[in-house]
Amino acid sequence: MKEISAGGVVYRYLDGGALQIQLIQDRYGKVSLPKGKMEEGETVEQTALREIKEETGLDGIIKKPIDQIKYQYIHHTKGAVDKEVHYYLVEAVGGTLHAQVEEIRGVDWFEPLEAWRRQKQSGYDNNNRILQGALQLLGIQVN
């Protein structure tokens with residue numbers, strides 16, 4: 001069985017020009033990125049924007065694709081599931097920041113190097129290249 005999800009690295013520029021990156025804290029207390037399962041009739045891009053809106057309250061515009069993560073997990077009733085997660089660089093353009101408490105514990109903005117530090121310290125390893133790719137697209141090098 002195949003399962004497709006999508007999400008994004010959301011960013012914004014403050015009035016003074018400072019760049020901020022959004023991170024969520026998932027239900028397990030880990031740093032993560034907003035994402036979720038594709039619904040019938042949606043494109044991958046529509047899924048990413050819907051999930052960002054549902055989980056964080058923000059409207060966004062997709063600027064560029066970042067990358068995909070692919071892995072397999074075992075579901076207790078479906079068996080082996082091939083999971084594919086598509087990530088996009090998304091500029092926040094509206095909405096009101098608030099966490100979807102049914103899904104995540106929190107959401108906040110961070111300056112880029114602090115977002116990277118938090119990701120490396122308490123995020124999922126497979127998200128390292130996603131956040132790193134987003135930061136590169138925004139002109140910021142990290143390693």
# chains A, B, ... in the order shown; residues from 1 in each chain; ligands from 1
>>> residues_around(residues="Lys35 of chain A", least_positions_apart="2", cutoff="12 Å", atoms="only C-alpha atoms", output="compact mmCIF listing (two decimals) with N, CA, C and O atoms, in the first residue's frame")
# COMPACT_ATOMS: atom_id res chain seq x y z
N ILE A 4 0.53 8.89 0.56
CA ILE A 4 1.19 10.14 0.19
C ILE A 4 0.78 11.23 1.17
O ILE A 4 -0.40 11.40 1.48
N SER A 5 1.78 11.95 1.67
CA SER A 5 1.56 13.11 2.52
C SER A 5 2.31 14.29 1.94
O SER A 5 3.18 14.12 1.08
N ALA A 6 1.96 15.47 2.41
CA ALA A 6 2.65 16.67 1.96
C ALA A 6 2.63 17.72 3.05
O ALA A 6 1.75 17.72 3.92
N GLY A 7 3.61 18.59 3.00
CA GLY A 7 3.72 19.67 3.98
C GLY A 7 4.75 20.67 3.52
O GLY A 7 5.11 20.71 2.35
N GLY A 8 5.23 21.46 4.48
CA GLY A 8 6.16 22.48 4.06
C GLY A 8 6.98 23.09 5.17
O GLY A 8 6.71 22.91 6.35
N VAL A 9 8.01 23.79 4.71
CA VAL A 9 8.77 24.68 5.58
C VAL A 9 8.20 26.07 5.31
O VAL A 9 8.32 26.60 4.21
N VAL A 10 7.56 26.62 6.33
CA VAL A 10 6.89 27.91 6.20
C VAL A 10 7.83 29.00 6.69
O VAL A 10 8.49 28.86 7.72
N LEU A 23 8.39 26.34 13.03
CA LEU A 23 8.53 24.94 13.45
C LEU A 23 7.33 24.57 14.31
O LEU A 23 6.79 25.42 15.01
N ILE A 24 6.95 23.31 14.25
CA ILE A 24 5.91 22.83 15.14
C ILE A 24 6.52 21.88 16.16
O ILE A 24 7.62 21.35 15.95
N ASP A 26 5.41 18.38 17.67
CA ASP A 26 4.37 17.38 17.43
C ASP A 26 3.85 16.79 18.74
O ASP A 26 4.31 17.15 19.83
N SER A 32 9.18 19.47 14.50
CA SER A 32 8.81 18.93 13.21
C SER A 32 8.30 20.02 12.28
O SER A 32 8.39 21.21 12.60
N LEU A 33 7.75 19.58 11.16
CA LEU A 33 7.21 20.47 10.14
C LEU A 33 5.76 20.07 9.89
O LEU A 33 5.42 18.89 9.98
N LYS A 37 -1.73 13.71 5.45
CA LYS A 37 -2.10 12.81 4.37
C LYS A 37 -2.93 13.50 3.30
O LYS A 37 -3.80 14.32 3.60
N MET A 38 -2.68 13.09 2.08
CA MET A 38 -3.42 13.59 0.94
C MET A 38 -4.84 13.01 0.97
O MET A 38 -5.03 11.84 1.27
N VAL A 44 -0.88 17.15 -4.63
CA VAL A 44 0.10 17.15 -3.54
C VAL A 44 0.27 18.58 -3.00
O VAL A 44 0.35 18.79 -1.78
N GLU A 45 0.27 19.55 -3.89
CA GLU A 45 0.42 20.95 -3.48
C GLU A 45 -0.76 21.41 -2.62
O GLU A 45 -0.58 22.11 -1.62
N GLN A 46 -1.97 21.03 -3.04
CA GLN A 46 -3.16 21.40 -2.26
C GLN A 46 -3.11 20.76 -0.87
O GLN A 46 -3.49 21.38 0.12
N THR A 47 -2.63 19.52 -0.80
CA THR A 47 -2.48 18.84 0.48
C THR A 47 -1.54 19.62 1.39
O THR A 47 -1.85 19.85 2.57
N ALA A 48 -0.39 20.02 0.86
CA ALA A 48 0.59 20.75 1.66
C ALA A 48 -0.02 22.02 2.24
O ALA A 48 0.09 22.28 3.44
N LEU A 49 -0.69 22.81 1.41
CA LEU A 49 -1.26 24.08 1.88
C LEU A 49 -2.42 23.85 2.86
O LEU A 49 -2.56 24.59 3.84
N ARG A 50 -3.23 22.83 2.62
CA ARG A 50 -4.33 22.53 3.55
C ARG A 50 -3.80 22.09 4.90
O ARG A 50 -4.27 22.55 5.95
N GLU A 51 -2.81 21.23 4.91
CA GLU A 51 -2.25 20.75 6.17
C GLU A 51 -1.58 21.87 6.96
O GLU A 51 -1.70 21.94 8.18
N ILE A 52 -0.88 22.76 6.27
CA ILE A 52 -0.27 23.91 6.93
C ILE A 52 -1.35 24.77 7.57
O ILE A 52 -1.25 25.17 8.73
N LYS A 53 -2.42 25.02 6.83
CA LYS A 53 -3.54 25.83 7.35
C LYS A 53 -4.18 25.14 8.55
O LYS A 53 -4.43 25.77 9.58
N GLU A 54 -4.44 23.83 8.45
CA GLU A 54 -5.10 23.12 9.54
C GLU A 54 -4.23 23.08 10.80
O GLU A 54 -4.72 23.29 11.91
N GLU A 55 -2.94 22.79 10.63
CA GLU A 55 -2.07 22.60 11.80
C GLU A 55 -1.59 23.90 12.42
O GLU A 55 -1.36 23.95 13.62
N THR A 56 -1.43 24.95 11.60
CA THR A 56 -0.82 26.19 12.12
C THR A 56 -1.70 27.42 12.01
O THR A 56 -1.35 28.47 12.55
N GLN A 68 11.60 15.17 -1.16
CA GLN A 68 10.69 14.15 -0.67
C GLN A 68 11.41 13.24 0.32
O GLN A 68 12.62 13.06 0.21
N ILE A 69 10.65 12.70 1.24
CA ILE A 69 11.14 11.67 2.14
C ILE A 69 10.32 10.42 1.84
O ILE A 69 9.10 10.49 1.74
N GLU A 84 5.35 8.32 1.32
CA GLU A 84 6.04 9.33 0.51
C GLU A 84 5.56 10.69 1.01
O GLU A 84 4.36 10.96 1.00
N VAL A 85 6.50 11.53 1.48
CA VAL A 85 6.14 12.85 1.99
C VAL A 85 6.81 13.91 1.12
O VAL A 85 8.03 13.93 0.98
N HIS A 86 6.00 14.78 0.52
CA HIS A 86 6.49 15.86 -0.34
C HIS A 86 6.54 17.15 0.48
O HIS A 86 5.53 17.52 1.09
N TYR A 87 7.68 17.82 0.44
CA TYR A 87 7.83 19.08 1.18
C TYR A 87 8.07 20.24 0.21
O TYR A 87 8.81 20.11 -0.76
N TYR A 88 7.47 21.38 0.56
CA TYR A 88 7.58 22.59 -0.25
C TYR A 88 8.05 23.75 0.61
O TYR A 88 7.80 23.79 1.82
N GLU A 103 -3.74 17.75 16.94
CA GLU A 103 -2.65 17.14 16.17
C GLU A 103 -1.26 17.47 16.70
O GLU A 103 -0.37 16.63 16.65
N ILE A 104 -1.06 18.70 17.17
CA ILE A 104 0.29 19.12 17.58
C ILE A 104 0.23 19.86 18.92
O ILE A 104 -0.82 20.32 19.34
N ASN A 127 14.20 14.98 8.66
CA ASN A 127 13.83 16.37 8.36
C ASN A 127 15.04 17.29 8.24
O ASN A 127 14.90 18.43 7.80
>>> residues_around(residues="Glu3 of chain A", least_positions_apart="3", cutoff="7 Å", atoms="only C-alpha atoms", output="VMD selection string")
chain A and resid 81 to 84
>>> residues_around(residues="Glu102 of chain A", least_positions_apart="3", cutoff="9 Å", atoms="only C-alpha atoms", output="number ranges by chain")
A: 27, 55, 99, 105
>>> write_last_selection(atoms="N, CA and C atoms", output="PDB file, in the first residue's frame")
ATOM      1  N   ARG A  27       2.917  15.895  18.641  1.00  0.00           N
ATOM      2  CA  ARG A  27       2.276  15.326  19.834  1.00  0.00           C
ATOM      3  C   ARG A  27       3.236  14.508  20.684  1.00  0.00           C
ATOM      4  N   GLU A  55      -2.941  22.789  10.634  1.00  0.00           N
ATOM      5  CA  GLU A  55      -2.074  22.596  11.799  1.00  0.00           C
ATOM      6  C   GLU A  55      -1.592  23.899  12.420  1.00  0.00           C
ATOM      7  N   ALA A  99      -1.889  26.616  17.055  1.00  0.00           N
ATOM      8  CA  ALA A  99      -1.668  25.183  16.904  1.00  0.00           C
ATOM      9  C   ALA A  99      -2.993  24.434  16.881  1.00  0.00           C
ATOM     10  N   ARG A 105       1.393  19.962  19.565  1.00  0.00           N
ATOM     11  CA  ARG A 105       1.467  20.647  20.863  1.00  0.00           C
ATOM     12  C   ARG A 105       1.695  22.152  20.735  1.00  0.00           C
TER      13      ARG A 105
END
>>> select_by_dssp(residues="segment 87-143 of chain A", states="alpha helix (DSSP H)", output="ChimeraX atom specification")
/A:112-122,128-137
>>> write_last_selection(atoms="N, CA, C and O atoms", output="mmCIF file, in the first residue's frame")
data_model
loop_
_atom_site.group_PDB
_atom_site.id
_atom_site.type_symbol
_atom_site.label_atom_id
_atom_site.label_comp_id
_atom_site.auth_asym_id
_atom_site.auth_seq_id
_atom_site.Cartn_x
_atom_site.Cartn_y
_atom_site.Cartn_z
ATOM 1 N N PRO A 112 16.396 31.809 11.477
ATOM 2 C CA PRO A 112 16.823 30.599 10.762
ATOM 3 C C PRO A 112 17.847 29.720 11.483
ATOM 4 O O PRO A 112 17.697 28.502 11.512
ATOM 5 N N LEU A 113 18.889 30.307 12.059
ATOM 6 C CA LEU A 113 19.904 29.478 12.714
ATOM 7 C C LEU A 113 19.382 28.842 13.993
ATOM 8 O O LEU A 113 19.778 27.726 14.350
ATOM 9 N N GLU A 114 18.443 29.503 14.680
ATOM 10 C CA GLU A 114 17.815 28.909 15.855
ATOM 11 C C GLU A 114 16.889 27.765 15.435
ATOM 12 O O GLU A 114 16.833 26.724 16.105
ATOM 13 N N ALA A 115 16.182 27.932 14.328
ATOM 14 C CA ALA A 115 15.339 26.847 13.810
ATOM 15 C C ALA A 115 16.207 25.633 13.477
ATOM 16 O O ALA A 115 15.859 24.495 13.817
ATOM 17 N N TRP A 116 17.352 25.865 12.845
ATOM 18 C CA TRP A 116 18.262 24.772 12.497
ATOM 19 C C TRP A 116 18.803 24.096 13.766
ATOM 20 O O TRP A 116 18.858 22.867 13.843
ATOM 21 N N ARG A 117 19.167 24.885 14.767
ATOM 22 C CA ARG A 117 19.669 24.325 16.024
ATOM 23 C C ARG A 117 18.610 23.435 16.677
ATOM 24 O O ARG A 117 18.895 22.326 17.118
ATOM 25 N N ARG A 118 17.389 23.928 16.715
ATOM 26 C CA ARG A 118 16.301 23.150 17.318
ATOM 27 C C ARG A 118 16.019 21.871 16.537
ATOM 28 O O ARG A 118 15.771 20.818 17.136
ATOM 29 N N GLN A 119 16.046 21.960 15.220
ATOM 30 C CA GLN A 119 15.843 20.780 14.384
ATOM 31 C C GLN A 119 16.924 19.739 14.677
ATOM 32 O O GLN A 119 16.628 18.567 14.876
ATOM 33 N N LYS A 120 18.187 20.170 14.703
ATOM 34 C CA LYS A 120 19.288 19.231 14.933
ATOM 35 C C LYS A 120 19.220 18.638 16.343
ATOM 36 O O LYS A 120 19.558 17.484 16.548
ATOM 37 N N GLN A 121 18.777 19.442 17.299
ATOM 38 C CA GLN A 121 18.763 19.020 18.698
ATOM 39 C C GLN A 121 17.592 18.088 19.011
ATOM 40 O O GLN A 121 17.757 17.087 19.699
ATOM 41 N N SER A 122 16.389 18.404 18.520
ATOM 42 C CA SER A 122 15.233 17.607 18.939
ATOM 43 C C SER A 122 14.236 17.334 17.816
ATOM 44 O O SER A 122 13.061 17.089 18.063
ATOM 45 N N ASN A 128 16.233 16.809 8.614
ATOM 46 C CA ASN A 128 17.427 17.657 8.507
ATOM 47 C C ASN A 128 17.619 18.159 7.085
ATOM 48 O O ASN A 128 17.794 19.357 6.858
ATOM 49 N N ARG A 129 17.576 17.252 6.109
ATOM 50 C CA ARG A 129 17.824 17.692 4.728
ATOM 51 C C ARG A 129 16.678 18.528 4.174
ATOM 52 O O ARG A 129 16.876 19.334 3.267
ATOM 53 N N ILE A 130 15.468 18.364 4.733
ATOM 54 C CA ILE A 130 14.341 19.184 4.288
ATOM 55 C C ILE A 130 14.540 20.621 4.754
ATOM 56 O O ILE A 130 14.463 21.561 3.958
ATOM 57 N N LEU A 131 14.825 20.803 6.039
ATOM 58 C CA LEU A 131 15.041 22.162 6.548
ATOM 59 C C LEU A 131 16.297 22.768 5.941
ATOM 60 O O LEU A 131 16.301 23.945 5.563
ATOM 61 N N GLN A 132 17.352 21.973 5.816
ATOM 62 C CA GLN A 132 18.579 22.476 5.198
ATOM 63 C C GLN A 132 18.320 22.920 3.757
ATOM 64 O O GLN A 132 18.781 23.979 3.326
ATOM 65 N N GLY A 133 17.543 22.140 3.013
ATOM 66 C CA GLY A 133 17.202 22.500 1.634
ATOM 67 C C GLY A 133 16.392 23.781 1.569
ATOM 68 O O GLY A 133 16.614 24.630 0.695
ATOM 69 N N ALA A 134 15.447 23.942 2.510
ATOM 70 C CA ALA A 134 14.647 25.171 2.552
ATOM 71 C C ALA A 134 15.525 26.371 2.847
ATOM 72 O O ALA A 134 15.402 27.419 2.199
ATOM 73 N N LEU A 135 16.418 26.227 3.816
ATOM 74 C CA LEU A 135 17.303 27.344 4.166
ATOM 75 C C LEU A 135 18.209 27.700 2.997
ATOM 76 O O LEU A 135 18.431 28.884 2.719
ATOM 77 N N GLN A 136 18.702 26.694 2.270
ATOM 78 C CA GLN A 136 19.528 26.974 1.085
ATOM 79 C C GLN A 136 18.741 27.759 0.045
ATOM 80 O O GLN A 136 19.269 28.703 -0.554
ATOM 81 N N LEU A 137 17.482 27.379 -0.166
ATOM 82 C CA LEU A 137 16.644 28.109 -1.125
ATOM 83 C C LEU A 137 16.451 29.565 -0.700
ATOM 84 O O LEU A 137 16.235 30.443 -1.523
#
>>> closest_atom_pairs(of="segment 42-138 of chain A", to="segment 16-22 of chain A", cutoff="6 Å", atoms="only C-alpha atoms", output="CSV")
residue,atom,partner,partner_atom,distance
A:Asp108,CA,A:Gln22,CA,5.7
A:Trp109,CA,A:Gln22,CA,4.5
A:Phe110,CA,A:Gln20,CA,5.2
A:Glu111,CA,A:Gln20,CA,4.6
A:Pro112,CA,A:Ile21,CA,5.8
>>> write_last_selection(atoms="N, CA and C atoms", output="mmCIF file, in the first residue's frame")
data_model
loop_
_atom_site.group_PDB
_atom_site.id
_atom_site.type_symbol
_atom_site.label_atom_id
_atom_site.label_comp_id
_atom_site.auth_asym_id
_atom_site.auth_seq_id
_atom_site.Cartn_x
_atom_site.Cartn_y
_atom_site.Cartn_z
ATOM 1 N N ASP A 108 5.575 27.870 16.440
ATOM 2 C CA ASP A 108 6.169 29.180 16.686
ATOM 3 C C ASP A 108 7.155 29.526 15.579
ATOM 4 N N TRP A 109 7.591 30.790 15.600
ATOM 5 C CA TRP A 109 8.556 31.309 14.631
ATOM 6 C C TRP A 109 9.938 31.400 15.269
ATOM 7 N N PHE A 110 10.969 31.147 14.452
ATOM 8 C CA PHE A 110 12.346 31.211 14.925
ATOM 9 C C PHE A 110 13.223 31.834 13.851
ATOM 10 N N GLU A 111 14.293 32.522 14.289
ATOM 11 C CA GLU A 111 15.250 32.992 13.296
ATOM 12 C C GLU A 111 15.923 31.744 12.708
ATOM 13 N N PRO A 112 16.396 31.809 11.477
ATOM 14 C CA PRO A 112 16.823 30.599 10.762
ATOM 15 C C PRO A 112 17.847 29.720 11.483
#
>>> atom_distance(atom1="atom CA of Met1 of chain A", atom2="atom CA of Tyr71 of chain A")
12.1 Å
